[in-house]
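Okay, so here's the structure we're looking at.
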Amino acid sequence: DNIASAQITLDQEEALGTEGMTAVFALMTPEVLASEPGLQLTKRMDIITKTAIGQPLIDFEMNDTAGNTIKLSEATIGKYVLVDFWAAWCGPCRKENPNVLANYLKYHDLGFDVFGVSFDEKKDNWLKAIADDGLLWMQVSDLEGWDNSAGKLYGIKSIPQNILLNPEGIIVAKNLRGEMLGEKLAEIFGQ
């Protein structure tokens with residue numbers, strides 16, 4: 001029943017996790033939820049709920065490297081697709097790219113694809129990183145950096161992050177990095 005609890009919950013999202021945040025949120029009084037931190041927390045919980053495992057993808061359109069508009073739902077039909085939020089300037093993202101590429105090469109012919117969503121602002125840097133890292137999959141960006149519209153829809157607060165969609169467009173996993181990505185794909189494709 002203290003307004004500070006809403007702010008603390010927002011600040012400790014990573015430590016609490018989705019289940020912890022949901023449990024704490026359920027205990028908050030209407031007065032706390034009507035406060036400024038309470039309103040921010042309510043908005044954040046709405047995004048967390050909409051992007052939880054088992055939920056359908058949130059569709060968006062964005063331009064690819066050639067300036068063509070691509071719709072997520074159209075690019076993901078009938079495949080398992082890793083929607084990968086990253087940027088050329090993000091060291092951890094670039095470090096993860098070889099792992100994503102190795103899994104792409106291993107599972108692409110079985111029905112796995114990647115859909116890169118860049119948080120870059122400079123197109124030249126974005127294109128150079130794609131070339132330097134040998135990224136072979138669809139790449140999109142609105143070149144708005146942290147104001148990336150898809151990132152806002154999915155509540156992305158740090159990168160790299162990703163979501164895995166099944167062929168029906170349902171979120172089946174989130175934030176698969178390192179060995180976890182390969183393990184999940186091996187489970188899905190039986191290899």
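Residues are referred to by chain and number: the chain letter is A, B, ... according to the order shown in the structure tokens, the number counts from 1 in that chain, and ligands are numbered separately from 1 in the order shown.
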
I'd like the neighbourhood of Glu121 in chain A as a list in words, where a residue qualifies if any of its atoms comes within 6 Å (using only C-alpha atoms), though same-chain residues fewer than 6 positions away should be ignored.
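Final neighbour list, sorted by chain and number: Leu143, Glu144 and Gly145 of chain A.
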
Selected residues, N, CA, C and O atoms, written as a PDB file, in the first residue's frame, please.
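Saved as result_7.pdb:
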```
ATOM      1  N   LEU A 143      15.719   2.814 -37.766  1.00  0.00           N
ATOM      2  CA  LEU A 143      16.862   3.701 -37.526  1.00  0.00           C
ATOM      3  C   LEU A 143      16.546   4.768 -36.474  1.00  0.00           C
ATOM      4  O   LEU A 143      16.993   5.902 -36.564  1.00  0.00           O
ATOM      5  N   GLU A 144      15.784   4.364 -35.457  1.00  0.00           N
ATOM      6  CA  GLU A 144      15.403   5.273 -34.376  1.00  0.00           C
ATOM      7  C   GLU A 144      16.085   4.942 -33.050  1.00  0.00           C
ATOM      8  O   GLU A 144      15.679   5.429 -32.002  1.00  0.00           O
ATOM      9  N   GLY A 145      17.093   4.058 -33.080  1.00  0.00           N
ATOM     10  CA  GLY A 145      17.803   3.722 -31.853  1.00  0.00           C
ATOM     11  C   GLY A 145      16.869   3.144 -30.800  1.00  0.00           C
ATOM     12  O   GLY A 145      16.053   2.275 -31.086  1.00  0.00           O
TER      13      GLY A 145
END
```

Quick one: pick out all strand (DSSP E) residues within chain A from a backbone DSSP run and write them as a ChimeraX atom specification.
/A:61-63,69-71,80-86,112-118,138-140,161-165,171-174

Export C-alpha atoms of the chosen residues as a PDB file, in the first residue's frame?
```
ATOM      1  CA  GLU A  61       5.999  -3.280 -40.215  1.00  0.00           C
ATOM      2  CA  MET A  62       9.502  -1.955 -40.694  1.00  0.00           C
ATOM      3  CA  ASN A  63      11.911  -1.332 -43.555  1.00  0.00           C
ATOM      4  CA  THR A  69       8.496  -2.518 -45.899  1.00  0.00           C
ATOM      5  CA  ILE A  70       8.366  -5.944 -44.263  1.00  0.00           C
ATOM      6  CA  LYS A  71       5.598  -7.168 -41.960  1.00  0.00           C
ATOM      7  CA  TYR A  80      10.105 -21.146 -36.281  1.00  0.00           C
ATOM      8  CA  VAL A  81      11.480 -17.605 -36.206  1.00  0.00           C
ATOM      9  CA  LEU A  82      13.845 -15.985 -33.752  1.00  0.00           C
ATOM     10  CA  VAL A  83      13.021 -12.256 -33.583  1.00  0.00           C
ATOM     11  CA  ASP A  84      16.431 -10.899 -32.621  1.00  0.00           C
ATOM     12  CA  PHE A  85      16.670  -7.380 -31.154  1.00  0.00           C
ATOM     13  CA  TRP A  86      20.225  -6.097 -31.589  1.00  0.00           C
ATOM     14  CA  PHE A 112      14.178 -22.126 -38.688  1.00  0.00           C
ATOM     15  CA  ASP A 113      14.679 -18.477 -39.571  1.00  0.00           C
ATOM     16  CA  VAL A 114      15.842 -15.284 -37.904  1.00  0.00           C
ATOM     17  CA  PHE A 115      14.294 -11.827 -38.157  1.00  0.00           C
ATOM     18  CA  GLY A 116      16.773  -9.169 -37.026  1.00  0.00           C
ATOM     19  CA  VAL A 117      15.431  -5.925 -35.572  1.00  0.00           C
ATOM     20  CA  SER A 118      18.167  -3.325 -35.258  1.00  0.00           C
ATOM     21  CA  MET A 138      16.058 -10.686 -42.884  1.00  0.00           C
ATOM     22  CA  GLN A 139      17.095  -7.464 -41.177  1.00  0.00           C
ATOM     23  CA  VAL A 140      14.823  -4.503 -40.433  1.00  0.00           C
ATOM     24  CA  GLN A 161      17.039  -9.873 -26.526  1.00  0.00           C
ATOM     25  CA  ASN A 162      14.962 -12.236 -28.609  1.00  0.00           C
ATOM     26  CA  ILE A 163      11.700 -14.105 -28.826  1.00  0.00           C
ATOM     27  CA  LEU A 164      11.110 -17.413 -30.575  1.00  0.00           C
ATOM     28  CA  LEU A 165       7.889 -17.774 -32.529  1.00  0.00           C
ATOM     29  CA  ILE A 171       5.763 -16.951 -28.584  1.00  0.00           C
ATOM     30  CA  VAL A 172       7.314 -20.223 -27.387  1.00  0.00           C
ATOM     31  CA  ALA A 173      10.523 -18.935 -25.751  1.00  0.00           C
ATOM     32  CA  LYS A 174      12.322 -15.723 -24.866  1.00  0.00           C
TER      33      LYS A 174
END
```

If you run DSSP over the backbone, which residues in range 83-129 of chain A end up alpha helix (DSSP H)? Put them as number ranges by chain.
A: 91-107, 123-129

Write a file of the just-selected residues containing N, CA, C and O atoms, as an mmCIF file, in the first residue's frame.
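selection-v9.cif was written with the following content:
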```cif
data_model
loop_
_atom_site.group_PDB
_atom_site.id
_atom_site.type_symbol
_atom_site.label_atom_id
_atom_site.label_comp_id
_atom_site.auth_asym_id
_atom_site.auth_seq_id
_atom_site.Cartn_x
_atom_site.Cartn_y
_atom_site.Cartn_z
ATOM 1 N N GLY A 91 28.081 -4.416 -28.110
ATOM 2 C CA GLY A 91 29.107 -5.448 -27.991
ATOM 3 C C GLY A 91 28.550 -6.836 -27.694
ATOM 4 O O GLY A 91 28.903 -7.804 -28.377
ATOM 5 N N PRO A 92 27.683 -6.980 -26.671
ATOM 6 C CA PRO A 92 27.122 -8.302 -26.389
ATOM 7 C C PRO A 92 26.301 -8.867 -27.553
ATOM 8 O O PRO A 92 26.272 -10.073 -27.771
ATOM 9 N N CYS A 93 25.641 -7.986 -28.314
ATOM 10 C CA CYS A 93 24.879 -8.437 -29.481
ATOM 11 C C CYS A 93 25.818 -9.020 -30.531
ATOM 12 O O CYS A 93 25.574 -10.113 -31.068
ATOM 13 N N ARG A 94 26.887 -8.300 -30.790
ATOM 14 C CA ARG A 94 27.841 -8.733 -31.809
ATOM 15 C C ARG A 94 28.541 -10.023 -31.383
ATOM 16 O O ARG A 94 28.850 -10.880 -32.203
ATOM 17 N N LYS A 95 28.756 -10.165 -30.089
ATOM 18 C CA LYS A 95 29.371 -11.383 -29.561
ATOM 19 C C LYS A 95 28.431 -12.581 -29.716
ATOM 20 O O LYS A 95 28.880 -13.714 -29.899
ATOM 21 N N GLU A 96 27.119 -12.335 -29.661
ATOM 22 C CA GLU A 96 26.117 -13.396 -29.793
ATOM 23 C C GLU A 96 25.863 -13.758 -31.253
ATOM 24 O O GLU A 96 25.403 -14.875 -31.551
ATOM 25 N N ASN A 97 26.145 -12.855 -32.188
ATOM 26 C CA ASN A 97 25.838 -13.102 -33.601
ATOM 27 C C ASN A 97 26.432 -14.398 -34.153
ATOM 28 O O ASN A 97 25.732 -15.116 -34.881
ATOM 29 N N PRO A 98 27.687 -14.769 -33.841
ATOM 30 C CA PRO A 98 28.198 -16.053 -34.366
ATOM 31 C C PRO A 98 27.380 -17.257 -33.883
ATOM 32 O O PRO A 98 27.196 -18.222 -34.644
ATOM 33 N N ASN A 99 26.884 -17.205 -32.663
ATOM 34 C CA ASN A 99 26.047 -18.288 -32.143
ATOM 35 C C ASN A 99 24.720 -18.363 -32.911
ATOM 36 O O ASN A 99 24.282 -19.441 -33.299
ATOM 37 N N VAL A 100 24.099 -17.213 -33.130
ATOM 38 C CA VAL A 100 22.841 -17.187 -33.879
ATOM 39 C C VAL A 100 23.088 -17.691 -35.303
ATOM 40 O O VAL A 100 22.317 -18.502 -35.830
ATOM 41 N N LEU A 101 24.196 -17.255 -35.910
ATOM 42 C CA LEU A 101 24.526 -17.680 -37.270
ATOM 43 C C LEU A 101 24.746 -19.193 -37.343
ATOM 44 O O LEU A 101 24.233 -19.856 -38.258
ATOM 45 N N ALA A 102 25.466 -19.751 -36.392
ATOM 46 C CA ALA A 102 25.712 -21.200 -36.388
ATOM 47 C C ALA A 102 24.399 -21.972 -36.300
ATOM 48 O O ALA A 102 24.206 -22.969 -37.014
ATOM 49 N N ASN A 103 23.492 -21.515 -35.456
ATOM 50 C CA ASN A 103 22.189 -22.185 -35.333
ATOM 51 C C ASN A 103 21.339 -21.977 -36.575
ATOM 52 O O ASN A 103 20.610 -22.880 -36.993
ATOM 53 N N TYR A 104 21.434 -20.806 -37.168
ATOM 54 C CA TYR A 104 20.721 -20.538 -38.419
ATOM 55 C C TYR A 104 21.185 -21.521 -39.501
ATOM 56 O O TYR A 104 20.362 -22.133 -40.194
ATOM 57 N N LEU A 105 22.495 -21.676 -39.644
ATOM 58 C CA LEU A 105 23.032 -22.570 -40.663
ATOM 59 C C LEU A 105 22.646 -24.024 -40.398
ATOM 60 O O LEU A 105 22.359 -24.775 -41.328
ATOM 61 N N LYS A 106 22.600 -24.409 -39.139
ATOM 62 C CA LYS A 106 22.281 -25.789 -38.780
ATOM 63 C C LYS A 106 20.804 -26.124 -38.986
ATOM 64 O O LYS A 106 20.467 -27.219 -39.433
ATOM 65 N N TYR A 107 19.920 -25.174 -38.677
ATOM 66 C CA TYR A 107 18.483 -25.484 -38.648
ATOM 67 C C TYR A 107 17.644 -24.798 -39.725
ATOM 68 O O TYR A 107 16.447 -25.070 -39.835
ATOM 69 N N LYS A 123 22.514 4.041 -40.680
ATOM 70 C CA LYS A 123 22.334 2.941 -41.620
ATOM 71 C C LYS A 123 23.659 2.334 -42.048
ATOM 72 O O LYS A 123 23.775 1.107 -42.152
ATOM 73 N N ASP A 124 24.674 3.170 -42.281
ATOM 74 C CA ASP A 124 25.965 2.648 -42.719
ATOM 75 C C ASP A 124 26.566 1.688 -41.689
ATOM 76 O O ASP A 124 27.104 0.642 -42.050
ATOM 77 N N ASN A 125 26.473 2.043 -40.417
ATOM 78 C CA ASN A 125 26.997 1.174 -39.356
ATOM 79 C C ASN A 125 26.224 -0.145 -39.299
ATOM 80 O O ASN A 125 26.799 -1.210 -39.099
ATOM 81 N N TRP A 126 24.917 -0.054 -39.440
ATOM 82 C CA TRP A 126 24.047 -1.225 -39.429
ATOM 83 C C TRP A 126 24.409 -2.171 -40.575
ATOM 84 O O TRP A 126 24.626 -3.366 -40.367
ATOM 85 N N LEU A 127 24.518 -1.627 -41.798
ATOM 86 C CA LEU A 127 24.841 -2.451 -42.963
ATOM 87 C C LEU A 127 26.232 -3.064 -42.843
ATOM 88 O O LEU A 127 26.436 -4.233 -43.212
ATOM 89 N N LYS A 128 27.180 -2.300 -42.311
ATOM 90 C CA LYS A 128 28.545 -2.814 -42.131
ATOM 91 C C LYS A 128 28.557 -3.975 -41.136
ATOM 92 O O LYS A 128 29.224 -4.989 -41.364
ATOM 93 N N ALA A 129 27.826 -3.847 -40.049
ATOM 94 C CA ALA A 129 27.784 -4.922 -39.049
ATOM 95 C C ALA A 129 27.158 -6.190 -39.629
ATOM 96 O O ALA A 129 27.635 -7.301 -39.370
#
```

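Using only C-alpha atoms, the nearest neighbour of Glu14 in chain A within the list A:Phe119, A:Lys157, A:Ile170, A:Asp46 is A:Lys157.
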
Test item: residues at most 7 Å from Glu168 in chain A, only C-alpha atoms, excluding those fewer than 2 positions along its chain, as an mmCIF file with C-alpha atoms, in the first residue's frame:
```cif
data_model
loop_
_atom_site.group_PDB
_atom_site.id
_atom_site.type_symbol
_atom_site.label_atom_id
_atom_site.label_comp_id
_atom_site.auth_asym_id
_atom_site.auth_seq_id
_atom_site.Cartn_x
_atom_site.Cartn_y
_atom_site.Cartn_z
ATOM 1 C CA ILE A 77 4.553 -17.796 -41.731
ATOM 2 C CA GLY A 78 5.133 -21.525 -41.382
ATOM 3 C CA ASN A 166 6.411 -21.086 -33.636
ATOM 4 C CA ILE A 170 2.945 -17.926 -30.949
#
```

Contacts of range 16-26 of chain A at 9 Å (only C-alpha atoms; same-chain gap of 5+ positions) as a VMD selection string:
chain A and resid 5 to 6 9 to 10 33 41 to 42 45 48 to 49 52
